[in-house]
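Structure data follow from work_5.cif (mmCIF, C-alpha atoms and all ligand atoms):
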data_data
loop_
_atom_site.group_PDB
_atom_site.id
_atom_site.type_symbol
_atom_site.label_atom_id
_atom_site.label_comp_id
_atom_site.auth_asym_id
_atom_site.auth_seq_id
_atom_site.Cartn_x
_atom_site.Cartn_y
_atom_site.Cartn_z
ATOM 1 C CA MET A 232 -49.775 -0.876 -10.922
ATOM 2 C CA ASN A 233 -49.687 -4.265 -9.248
ATOM 3 C CA ALA A 234 -46.582 -6.378 -8.822
ATOM 4 C CA ALA A 235 -47.919 -8.895 -11.377
ATOM 5 C CA ALA A 236 -47.656 -6.340 -14.200
ATOM 6 C CA THR A 237 -45.426 -7.393 -17.088
ATOM 7 C CA ILE A 238 -42.509 -5.048 -17.687
ATOM 8 C CA ALA A 239 -41.025 -4.788 -21.188
ATOM 9 C CA VAL A 240 -37.554 -3.279 -21.554
ATOM 10 C CA VAL A 241 -37.155 -2.076 -25.142
ATOM 11 C CA GLY A 242 -33.434 -1.936 -25.927
ATOM 12 C CA GLY A 243 -32.938 -4.240 -22.941
ATOM 13 C CA THR A 244 -29.850 -5.824 -24.479
ATOM 14 C CA GLY A 245 -27.919 -2.634 -23.709
ATOM 15 C CA LYS A 246 -26.067 -1.421 -20.659
ATOM 16 C CA LEU A 247 -28.865 0.366 -18.790
ATOM 17 C CA GLY A 248 -31.763 -1.828 -19.950
ATOM 18 C CA ALA A 249 -30.075 -5.105 -19.070
ATOM 19 C CA ALA A 250 -29.207 -3.824 -15.604
ATOM 20 C CA ILE A 251 -32.775 -2.642 -14.923
ATOM 21 C CA ALA A 252 -34.267 -5.846 -16.340
ATOM 22 C CA ARG A 253 -32.027 -8.073 -14.235
ATOM 23 C CA ARG A 254 -32.754 -6.202 -11.009
ATOM 24 C CA LEU A 255 -36.531 -6.220 -11.580
ATOM 25 C CA ALA A 256 -36.547 -9.904 -12.560
ATOM 26 C CA LYS A 257 -34.457 -10.730 -9.518
ATOM 27 C CA ALA A 258 -37.051 -8.901 -7.409
ATOM 28 C CA GLY A 259 -39.709 -11.273 -8.785
ATOM 29 C CA ARG A 260 -41.218 -9.083 -11.516
ATOM 30 C CA LYS A 261 -42.131 -10.564 -14.898
ATOM 31 C CA VAL A 262 -39.732 -8.860 -17.331
ATOM 32 C CA ILE A 263 -39.331 -9.204 -21.095
ATOM 33 C CA ILE A 264 -36.219 -7.913 -22.833
ATOM 34 C CA GLY A 265 -36.732 -6.286 -26.222
ATOM 35 C CA SER A 266 -34.233 -5.898 -29.061
ATOM 36 C CA ARG A 267 -34.271 -5.159 -32.776
ATOM 37 C CA SER A 268 -33.418 -8.860 -33.049
ATOM 38 C CA ALA A 269 -35.525 -11.447 -31.198
ATOM 39 C CA GLU A 270 -32.495 -13.756 -31.131
ATOM 40 C CA SER A 271 -30.338 -11.119 -29.443
ATOM 41 C CA ALA A 272 -33.122 -10.451 -26.946
ATOM 42 C CA GLN A 273 -33.409 -14.133 -26.035
ATOM 43 C CA ALA A 274 -29.620 -14.503 -25.816
ATOM 44 C CA ALA A 275 -29.396 -11.515 -23.450
ATOM 45 C CA ALA A 276 -32.280 -12.889 -21.370
ATOM 46 C CA ASN A 277 -30.602 -16.293 -21.100
ATOM 47 C CA GLU A 278 -27.344 -14.701 -20.049
ATOM 48 C CA LEU A 279 -28.985 -12.524 -17.387
ATOM 49 C CA GLY A 280 -31.096 -15.387 -15.966
ATOM 50 C CA HIS A 281 -33.757 -14.830 -13.274
ATOM 51 C CA GLY A 282 -36.540 -16.051 -15.587
ATOM 52 C CA LEU A 283 -36.079 -13.254 -18.122
ATOM 53 C CA THR A 284 -37.366 -13.817 -21.645
ATOM 54 C CA GLY A 285 -36.618 -11.962 -24.872
ATOM 55 C CA LEU A 286 -38.635 -10.799 -27.878
ATOM 56 C CA ALA A 287 -38.354 -8.352 -30.759
ATOM 57 C CA ASN A 288 -38.995 -4.797 -29.539
ATOM 58 C CA ALA A 289 -42.514 -4.533 -30.979
ATOM 59 C CA ASP A 290 -43.572 -7.882 -29.510
ATOM 60 C CA ALA A 291 -42.064 -7.015 -26.137
ATOM 61 C CA ALA A 292 -43.907 -3.680 -26.140
ATOM 62 C CA GLN A 293 -47.131 -5.467 -27.071
ATOM 63 C CA ALA A 294 -46.709 -7.914 -24.167
ATOM 64 C CA GLY A 295 -45.745 -5.286 -21.588
ATOM 65 C CA ASP A 296 -48.118 -3.478 -19.235
ATOM 66 C CA ILE A 297 -45.346 -0.971 -18.529
ATOM 67 C CA VAL A 298 -42.764 -0.386 -21.270
ATOM 68 C CA ILE A 299 -39.332 0.948 -20.322
ATOM 69 C CA VAL A 300 -37.308 2.357 -23.242
ATOM 70 C CA THR A 301 -33.512 2.218 -22.912
ATOM 71 C CA VAL A 302 -31.964 3.203 -26.240
ATOM 72 C CA PRO A 303 -29.468 5.945 -27.214
ATOM 73 C CA PHE A 304 -30.877 9.383 -28.101
ATOM 74 C CA ALA A 305 -29.902 8.815 -31.740
ATOM 75 C CA ALA A 306 -32.146 5.723 -31.795
ATOM 76 C CA GLN A 307 -35.072 7.219 -29.837
ATOM 77 C CA GLU A 308 -37.174 8.325 -32.817
ATOM 78 C CA ALA A 309 -36.893 5.065 -34.791
ATOM 79 C CA THR A 310 -37.445 2.919 -31.707
ATOM 80 C CA LEU A 311 -40.536 4.812 -30.589
ATOM 81 C CA ALA A 312 -41.966 4.623 -34.121
ATOM 82 C CA GLU A 313 -41.527 0.834 -33.947
ATOM 83 C CA ILE A 314 -43.346 0.435 -30.624
ATOM 84 C CA ARG A 315 -45.986 3.163 -31.065
ATOM 85 C CA PRO A 316 -48.675 0.794 -32.465
ATOM 86 C CA HIS A 317 -48.324 -1.381 -29.333
ATOM 87 C CA VAL A 318 -48.276 1.060 -26.425
ATOM 88 C CA ALA A 319 -51.559 2.999 -26.579
ATOM 89 C CA GLY A 320 -53.139 3.114 -23.118
ATOM 90 C CA LYS A 321 -49.899 2.051 -21.417
ATOM 91 C CA ILE A 322 -47.220 3.685 -19.301
ATOM 92 C CA VAL A 323 -43.973 4.202 -21.207
ATOM 93 C CA VAL A 324 -40.929 5.000 -19.071
ATOM 94 C CA ASP A 325 -38.323 6.769 -21.193
ATOM 95 C CA THR A 326 -34.748 6.799 -19.901
ATOM 96 C CA THR A 327 -33.190 8.739 -22.773
ATOM 97 C CA VAL A 328 -30.494 11.261 -22.021
ATOM 98 C CA PRO A 329 -30.110 13.529 -25.069
ATOM 99 C CA LEU A 330 -26.346 13.215 -25.372
ATOM 100 C CA VAL A 331 -24.971 14.436 -28.697
ATOM 101 C CA PRO A 332 -21.465 13.005 -29.227
ATOM 102 C CA PRO A 333 -18.737 14.021 -29.181
ATOM 103 C CA LYS A 334 -19.633 16.793 -26.694
ATOM 104 C CA VAL A 335 -21.381 14.601 -24.115
ATOM 105 C CA MET A 336 -20.155 16.771 -21.226
ATOM 106 C CA ARG A 337 -22.132 19.710 -22.598
ATOM 107 C CA VAL A 338 -25.887 20.043 -22.025
ATOM 108 C CA GLN A 339 -27.641 19.832 -25.421
ATOM 109 C CA LEU A 340 -31.367 19.480 -24.845
ATOM 110 C CA PRO A 341 -33.634 18.943 -27.880
ATOM 111 C CA SER A 342 -35.982 21.634 -29.186
ATOM 112 C CA GLU A 343 -38.958 19.937 -27.476
ATOM 113 C CA GLY A 344 -37.356 20.876 -24.123
ATOM 114 C CA SER A 345 -36.309 17.370 -23.068
ATOM 115 C CA ALA A 346 -35.978 13.859 -24.460
ATOM 116 C CA ALA A 347 -39.012 12.934 -22.361
ATOM 117 C CA GLN A 348 -41.216 15.580 -23.987
ATOM 118 C CA ARG A 349 -39.872 14.500 -27.377
ATOM 119 C CA ALA A 350 -40.903 10.929 -26.533
ATOM 120 C CA GLN A 351 -44.405 12.092 -25.586
ATOM 121 C CA SER A 352 -44.793 13.940 -28.868
ATOM 122 C CA LEU A 353 -43.450 10.968 -30.868
ATOM 123 C CA LEU A 354 -45.770 8.484 -29.127
ATOM 124 C CA GLY A 355 -48.849 10.707 -28.957
ATOM 125 C CA ASP A 356 -51.364 11.432 -26.223
ATOM 126 C CA ALA A 357 -52.651 7.844 -26.029
ATOM 127 C CA VAL A 358 -49.478 7.015 -24.076
ATOM 128 C CA THR A 359 -48.796 8.035 -20.483
ATOM 129 C CA LEU A 360 -45.176 9.140 -20.574
ATOM 130 C CA VAL A 361 -42.914 8.990 -17.529
ATOM 131 C CA SER A 362 -39.146 9.464 -17.478
ATOM 132 C CA ALA A 363 -36.571 8.136 -15.013
ATOM 133 C CA PHE A 364 -33.105 6.580 -14.473
ATOM 134 C CA HIS A 365 -31.187 9.468 -16.122
ATOM 135 C CA ASN A 366 -28.510 9.869 -13.460
ATOM 136 C CA VAL A 367 -27.665 6.295 -12.469
ATOM 137 C CA ALA A 368 -24.547 4.647 -13.901
ATOM 138 C CA ALA A 369 -25.514 1.420 -15.680
ATOM 139 C CA HIS A 370 -22.349 -0.452 -14.684
ATOM 140 C CA LYS A 371 -23.198 0.170 -11.023
ATOM 141 C CA LEU A 372 -26.784 -0.945 -11.502
ATOM 142 C CA ALA A 373 -25.488 -4.116 -13.153
ATOM 143 C CA SER A 374 -24.027 -5.285 -9.843
ATOM 144 C CA ASP A 375 -25.917 -6.338 -6.723
ATOM 145 C CA ASP A 376 -24.210 -3.603 -4.702
ATOM 146 C CA ASP A 377 -26.074 -0.649 -3.236
ATOM 147 C CA VAL A 378 -26.066 2.147 -5.797
ATOM 148 C CA ALA A 379 -25.424 5.573 -4.309
ATOM 149 C CA CYS A 380 -27.862 7.417 -6.543
ATOM 150 C CA ASP A 381 -31.446 8.598 -6.133
ATOM 151 C CA VAL A 382 -33.664 8.256 -9.181
ATOM 152 C CA LEU A 383 -35.866 11.233 -10.034
ATOM 153 C CA VAL A 384 -39.144 10.301 -11.730
ATOM 154 C CA PHE A 385 -41.038 12.748 -13.942
ATOM 155 C CA GLY A 386 -44.490 12.680 -15.483
ATOM 156 C CA ASP A 387 -47.724 14.630 -15.725
ATOM 157 C CA ASP A 388 -49.846 11.675 -14.555
ATOM 158 C CA LYS A 389 -49.361 11.201 -10.815
ATOM 159 C CA GLU A 390 -50.507 7.565 -10.709
ATOM 160 C CA ALA A 391 -48.156 6.608 -13.536
ATOM 161 C CA ARG A 392 -45.340 8.430 -11.781
ATOM 162 C CA ALA A 393 -46.135 6.599 -8.550
ATOM 163 C CA ALA A 394 -46.149 3.235 -10.368
ATOM 164 C CA THR A 395 -42.710 4.084 -11.756
ATOM 165 C CA VAL A 396 -41.395 5.143 -8.350
ATOM 166 C CA ASP A 397 -42.522 1.685 -7.129
ATOM 167 C CA LEU A 398 -40.589 0.046 -9.981
ATOM 168 C CA VAL A 399 -37.454 2.050 -9.178
ATOM 169 C CA ASN A 400 -37.757 0.975 -5.535
ATOM 170 C CA ALA A 401 -38.266 -2.655 -6.616
ATOM 171 C CA ALA A 402 -34.957 -2.351 -8.477
ATOM 172 C CA GLY A 403 -33.261 -1.518 -5.175
ATOM 173 C CA LEU A 404 -32.926 2.226 -5.708
ATOM 174 C CA ARG A 405 -34.713 5.165 -4.099
ATOM 175 C CA GLY A 406 -37.225 6.647 -6.532
ATOM 176 C CA LEU A 407 -38.430 10.184 -5.868
ATOM 177 C CA HIS A 408 -41.214 12.170 -7.516
ATOM 178 C CA GLY A 409 -39.573 14.950 -9.545
ATOM 179 C CA GLY A 410 -42.768 16.564 -10.795
ATOM 180 C CA ALA A 411 -44.028 17.330 -14.284
ATOM 181 C CA LEU A 412 -42.636 15.721 -17.438
ATOM 182 C CA ALA A 413 -41.092 19.084 -18.421
ATOM 183 C CA ASN A 414 -38.915 18.874 -15.284
ATOM 184 C CA SER A 415 -37.166 15.883 -16.873
ATOM 185 C CA ALA A 416 -34.948 18.458 -18.615
ATOM 186 C CA ALA A 417 -33.141 19.076 -15.328
ATOM 187 C CA ALA A 418 -32.205 15.419 -14.728
ATOM 188 C CA GLU A 419 -31.321 14.867 -18.389
ATOM 189 C CA ALA A 420 -29.055 17.934 -18.309
ATOM 190 C CA LEU A 421 -27.506 16.853 -15.020
ATOM 191 C CA THR A 422 -26.142 13.703 -16.653
ATOM 192 C CA SER A 423 -23.725 15.752 -18.770
ATOM 193 C CA ILE A 424 -22.522 17.376 -15.553
ATOM 194 C CA LEU A 425 -22.071 13.966 -13.893
ATOM 195 C CA ILE A 426 -20.014 12.788 -16.886
ATOM 196 C CA PHE A 427 -17.924 15.962 -16.553
ATOM 197 C CA ILE A 428 -17.448 15.288 -12.813
ATOM 198 C CA ASN A 429 -16.493 11.660 -13.525
ATOM 199 C CA LYS A 430 -13.769 12.881 -15.866
ATOM 200 C CA THR A 431 -12.580 15.836 -13.813
ATOM 201 C CA TYR A 432 -12.439 14.055 -10.437
ATOM 202 C CA GLN A 433 -11.806 10.481 -11.662
ATOM 203 C CA VAL A 434 -15.097 9.203 -10.246
ATOM 204 C CA ASP A 435 -16.317 5.715 -11.192
ATOM 205 C CA GLY A 436 -19.906 6.771 -11.880
ATOM 206 C CA ALA A 437 -20.988 9.790 -9.806
ATOM 207 C CA GLY A 438 -24.620 9.830 -8.717
ATOM 208 C CA ILE A 439 -27.034 12.205 -7.021
ATOM 209 C CA ALA A 440 -28.606 12.146 -3.558
ATOM 210 C CA ILE A 441 -31.433 14.332 -2.280
ATOM 211 C CA THR A 442 -30.672 15.389 1.288
ATOM 212 C CA GLY A 443 -33.093 16.032 4.130
ATOM 213 C CA LYS A 444 -35.720 13.902 5.872
ATOM 214 C CA LEU A 445 -38.392 12.985 3.365
ATOM 215 C CA ILE A 446 -41.981 12.271 4.442
ATOM 216 C CA GLU A 447 -43.902 10.053 2.026
ATOM 217 C CA PRO A 448 -46.466 12.122 0.084
ATOM 218 C CA THR A 449 -50.185 11.597 0.567
ATOM 219 C CA ASN A 450 -52.399 11.066 -2.476
ATOM 220 C CA GLU A 451 -53.001 14.814 -2.678
ATOM 221 C CA GLY A 452 -49.418 15.782 -1.927
ATOM 222 C CA PHE A 453 -47.559 14.510 -4.961
HETATM 223 N N1 LIG A 501 -25.350 3.691 -19.757
HETATM 224 C C1 LIG A 501 -25.659 4.434 -18.694
HETATM 225 O O1 LIG A 501 -24.932 4.455 -17.664
HETATM 226 C C2 LIG A 501 -26.906 5.282 -18.699
HETATM 227 C C3 LIG A 501 -27.308 5.899 -17.530
HETATM 228 C C4 LIG A 501 -28.480 6.670 -17.521
HETATM 229 C C5 LIG A 501 -29.207 6.842 -18.700
HETATM 230 N N2 LIG A 501 -28.769 6.241 -19.840
HETATM 231 C C6 LIG A 501 -29.561 6.439 -21.052
HETATM 232 O O2 LIG A 501 -30.207 5.205 -21.312
HETATM 233 C C7 LIG A 501 -30.287 4.976 -22.711
HETATM 234 C C8 LIG A 501 -29.617 3.642 -23.022
HETATM 235 O O3 LIG A 501 -28.243 3.753 -22.697
HETATM 236 P P1 LIG A 501 -27.258 2.493 -22.839
HETATM 237 O O4 LIG A 501 -25.944 2.951 -22.363
HETATM 238 O O5 LIG A 501 -27.907 1.293 -22.225
HETATM 239 O O6 LIG A 501 -27.240 2.341 -24.434
HETATM 240 P P2 LIG A 501 -26.571 1.194 -25.321
HETATM 241 O O7 LIG A 501 -26.115 0.070 -24.462
HETATM 242 O O8 LIG A 501 -25.565 1.858 -26.211
HETATM 243 O O9 LIG A 501 -27.773 0.752 -26.268
HETATM 244 C C9 LIG A 501 -28.944 0.172 -25.739
HETATM 245 C C10 LIG A 501 -29.623 -0.640 -26.809
HETATM 246 O O10 LIG A 501 -30.198 0.219 -27.793
HETATM 247 C C11 LIG A 501 -30.252 -0.470 -29.030
HETATM 248 N N3 LIG A 501 -29.668 0.392 -30.067
HETATM 249 C C12 LIG A 501 -28.413 0.852 -30.139
HETATM 250 N N4 LIG A 501 -28.238 1.592 -31.261
HETATM 251 C C13 LIG A 501 -29.410 1.580 -31.894
HETATM 252 C C14 LIG A 501 -29.873 2.165 -33.103
HETATM 253 N N5 LIG A 501 -29.072 2.925 -33.872
HETATM 254 N N6 LIG A 501 -31.163 1.974 -33.453
HETATM 255 C C15 LIG A 501 -31.979 1.231 -32.681
HETATM 256 N N7 LIG A 501 -31.582 0.636 -31.515
HETATM 257 C C16 LIG A 501 -30.321 0.824 -31.124
HETATM 258 C C17 LIG A 501 -29.410 -1.737 -28.916
HETATM 259 O O11 LIG A 501 -30.277 -2.830 -28.816
HETATM 260 P P3 LIG A 501 -30.427 -3.950 -30.014
HETATM 261 O O12 LIG A 501 -29.191 -3.876 -30.862
HETATM 262 O O13 LIG A 501 -30.523 -5.219 -29.237
HETATM 263 O O14 LIG A 501 -31.664 -3.561 -30.712
HETATM 264 C C18 LIG A 501 -28.678 -1.527 -27.605
HETATM 265 O O15 LIG A 501 -28.402 -2.729 -26.929
HETATM 266 C C19 LIG A 501 -29.577 6.160 -23.385
HETATM 267 O O16 LIG A 501 -30.520 7.107 -23.825
HETATM 268 C C20 LIG A 501 -28.721 6.730 -22.287
HETATM 269 O O17 LIG A 501 -28.474 8.111 -22.415
HETATM 270 C C21 LIG A 501 -27.656 5.454 -19.865
#
Take the structure I supplied and represent it as C-alpha cells, if you would.
Amino acid sequence: MNAAATIAVVGGTGKLGAAIARRLAKAGRKVIIGSRSAESAQAAANELGHGLTGLANADAAQAGDIVIVTVPFAAQEATLAEIRPHVAGKIVVDTTVPLVPPKVMRVQLPSEGSAAQRAQSLLGDAVTLVSAFHNVAAHKLASDDDVACDVLVFGDDKEARAATVDLVNAAGLRGLHGGALANSAAAEALTSILIFINKTYQVDGAGIAITGKLIEPTNEGF
C-alpha cells in the first residue's frame, strides 16, 4: 500500500481513533475521521489539525483505501453493518478489544474466537481483515512522546498485514507481524491483563515489548 493511500478511521472521534488519526496525519498521510455524526467528525478533525477531515462513518469508509475501525466492542456489530457496503475489496484494520464491562480485567473472548474473527465474519470474505493496536494505551498515543509498546499485527493476508505494519510504523510505533487472524485472540486477551497490571501496580498505561534482535522478514518469511 503506497503512502498516498487514504486512511479512514471509523469511530475516529474516540480515544484510540483520534490518537491514531492525528499521528498518521502528522506523518503526512491523508486521513479521514469517521463518526456516526458528520458534524462531530468534522469538529474532531478541526480540533486535531494536521489537515484531517471528517465525514459520517459510511462516507469515510467509502473514501478510504484502508479503513481502521476504532469503536467499543458493544458497538462493533452495528458499526461494521454500517460500513459493510463500502469496504468490499479493501483492507479493514479492526482494533476492537472484546471487553465486557464491568469485568474488564477478565479475559472474555467472543464465541468466534476473537473480535477480529468476529469482524471478518460480520464483514464477509470480500474484505481483507487485519487487526492491530490492541495493547497500546490511547492516552499515550495521543501525545508526541515515544510510546513504550510494540504493536502486534494479525491477518491471514500477508500483504495486508505488511501494509498495516507500515501504517503502525508511520504512526511512530513498532509494528510486528503476529501471524494469522486467529492469533489476534492472544493480543486481545492480553489487554485485560494489562488493565489488571495497571490497577495492581499503579501503572499509567502498561505496554508490551518483544525482546531479542529482530531481523526483517523476507517476502517468503512472514
Ligand atoms: N482506549 C484505549 O486505550 C484502547 C487501547 C487499545 C484498544 N482499544 C480498543 O479500541 C476501540 C476503541 O476504543 P476507544 O477507547 O477509542 O473507544 P471510545 O472512545 O469509547 O469510542 C470510540 C468511538 O466509538 C463510537 N461509539 C461509541 N459508542 C458507540 C455506540 N454505542 N455505537 C456506535 N458507535 C459508538 C463513538 O464515535 P461517534 O459518537 O463519533 O460515532 C466514539 O467516539 C475499543 O474496541 C477498544 O477496546 C482501546
* To do: Please evaluate the PyMOL selection byres (((chain A and resi 396) around 8) and not hetatm) against the displayed coordinates and give the resulting residues as a ChimeraX atom specification.
  => /A:384,392-395,397-400,405-408
* To do: Quick one: residues within 9 Å of (-41.4, 11.1, -20.7) (file frame), counting all atoms listed in the file, please, as a list in words.
  =>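 Final list of nearby residues, as requested, is Val323, Val324, Asp325, Thr326, Thr327, Ser345, Ala346, Ala347, Gln348, Arg349, Ala350, Gln351, Thr359, Leu360, Val361, Ser362, Ala363, Phe385, Gly386, Asp387, Leu412, Ala413 and Ser415 of chain A.
Of the listed residues (A:Gly259, A:Gly443, A:Gly248, A:Gly295), A:Gly259 comes nearest to Ala401 (chain A); the distances count only C-alpha atoms.
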* Would you translate the PyMOL selection byres (((chain A and resi 262) around 8) and not hetatm) into the concrete set of residues it matches in this file, as a ChimeraX atom specification? => /A:237-240,252,255-256,260-261,263-264,283-284
Using C-alpha atoms, can you export the residues from the last selection as a compact mmCIF listing (two decimals), keeping the file's coordinate frame?
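Output (again.txt):
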# COMPACT_ATOMS: atom_id res chain seq x y z
CA THR A 237 -45.43 -7.39 -17.09
CA ILE A 238 -42.51 -5.05 -17.69
CA ALA A 239 -41.02 -4.79 -21.19
CA VAL A 240 -37.55 -3.28 -21.55
CA ALA A 252 -34.27 -5.85 -16.34
CA LEU A 255 -36.53 -6.22 -11.58
CA ALA A 256 -36.55 -9.90 -12.56
CA ARG A 260 -41.22 -9.08 -11.52
CA LYS A 261 -42.13 -10.56 -14.90
CA ILE A 263 -39.33 -9.20 -21.10
CA ILE A 264 -36.22 -7.91 -22.83
CA LEU A 283 -36.08 -13.25 -18.12
CA THR A 284 -37.37 -13.82 -21.64
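The residue that comes closest to ligand LIG 501 (chain A), out of A:Arg315, A:Arg254, A:His370, A:Lys444 and on the basis of only C-alpha atoms and all ligand atoms, is A:His370.
Using only C-alpha atoms, the smallest distance between any of A:Val241, A:Ala411, A:Val434, A:Ala275 and Ala294 (chain A) comes from A:Val241.
Closest approach to ligand LIG 501 (chain A) among A:Leu279, A:Ala417, A:Ala306, A:Leu354: A:Ala306, based on only C-alpha atoms and all ligand atoms.
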Step by step, gather every atom of ligand LIG 501 (chain A) that the file lists, find the box along x, y and z that holds them, add 8 Å on each side, and finally give centre and edge lengths in Å to one decimal, as AutoDock Vina command-line options.
--center_x -28.5 --center_y 1.4 --center_z -25.7 --size_x 23.0 --size_y 29.3 --size_z 32.4
* Expanded to explicit residues, what is the PyMOL selection byres (((chain A and resi 425) around 10) and not hetatm) for this file, as a list in words? -> Met336, Asn366, Val367, Ala368, Ala420, Leu421, Thr422, Ser423, Ile424, Ile426, Phe427, Ile428, Asn429, Lys430, Thr431, Val434, Gly436, Ala437, Gly438 and Ile439 of chain A
* In Å, how far is it from atom C15 of ligand LIG 501 (chain A) to CA of Ala287 (chain A)? ->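 Going from atom C15 of ligand LIG 501 (chain A) over to CA of Ala287 (chain A), I get 11.7 Å.
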* What separation in Å, quoted to one decimal, exists between CA of Pro341 (chain A) and CA of Pro329 (chain A)? -> 7.0 Å
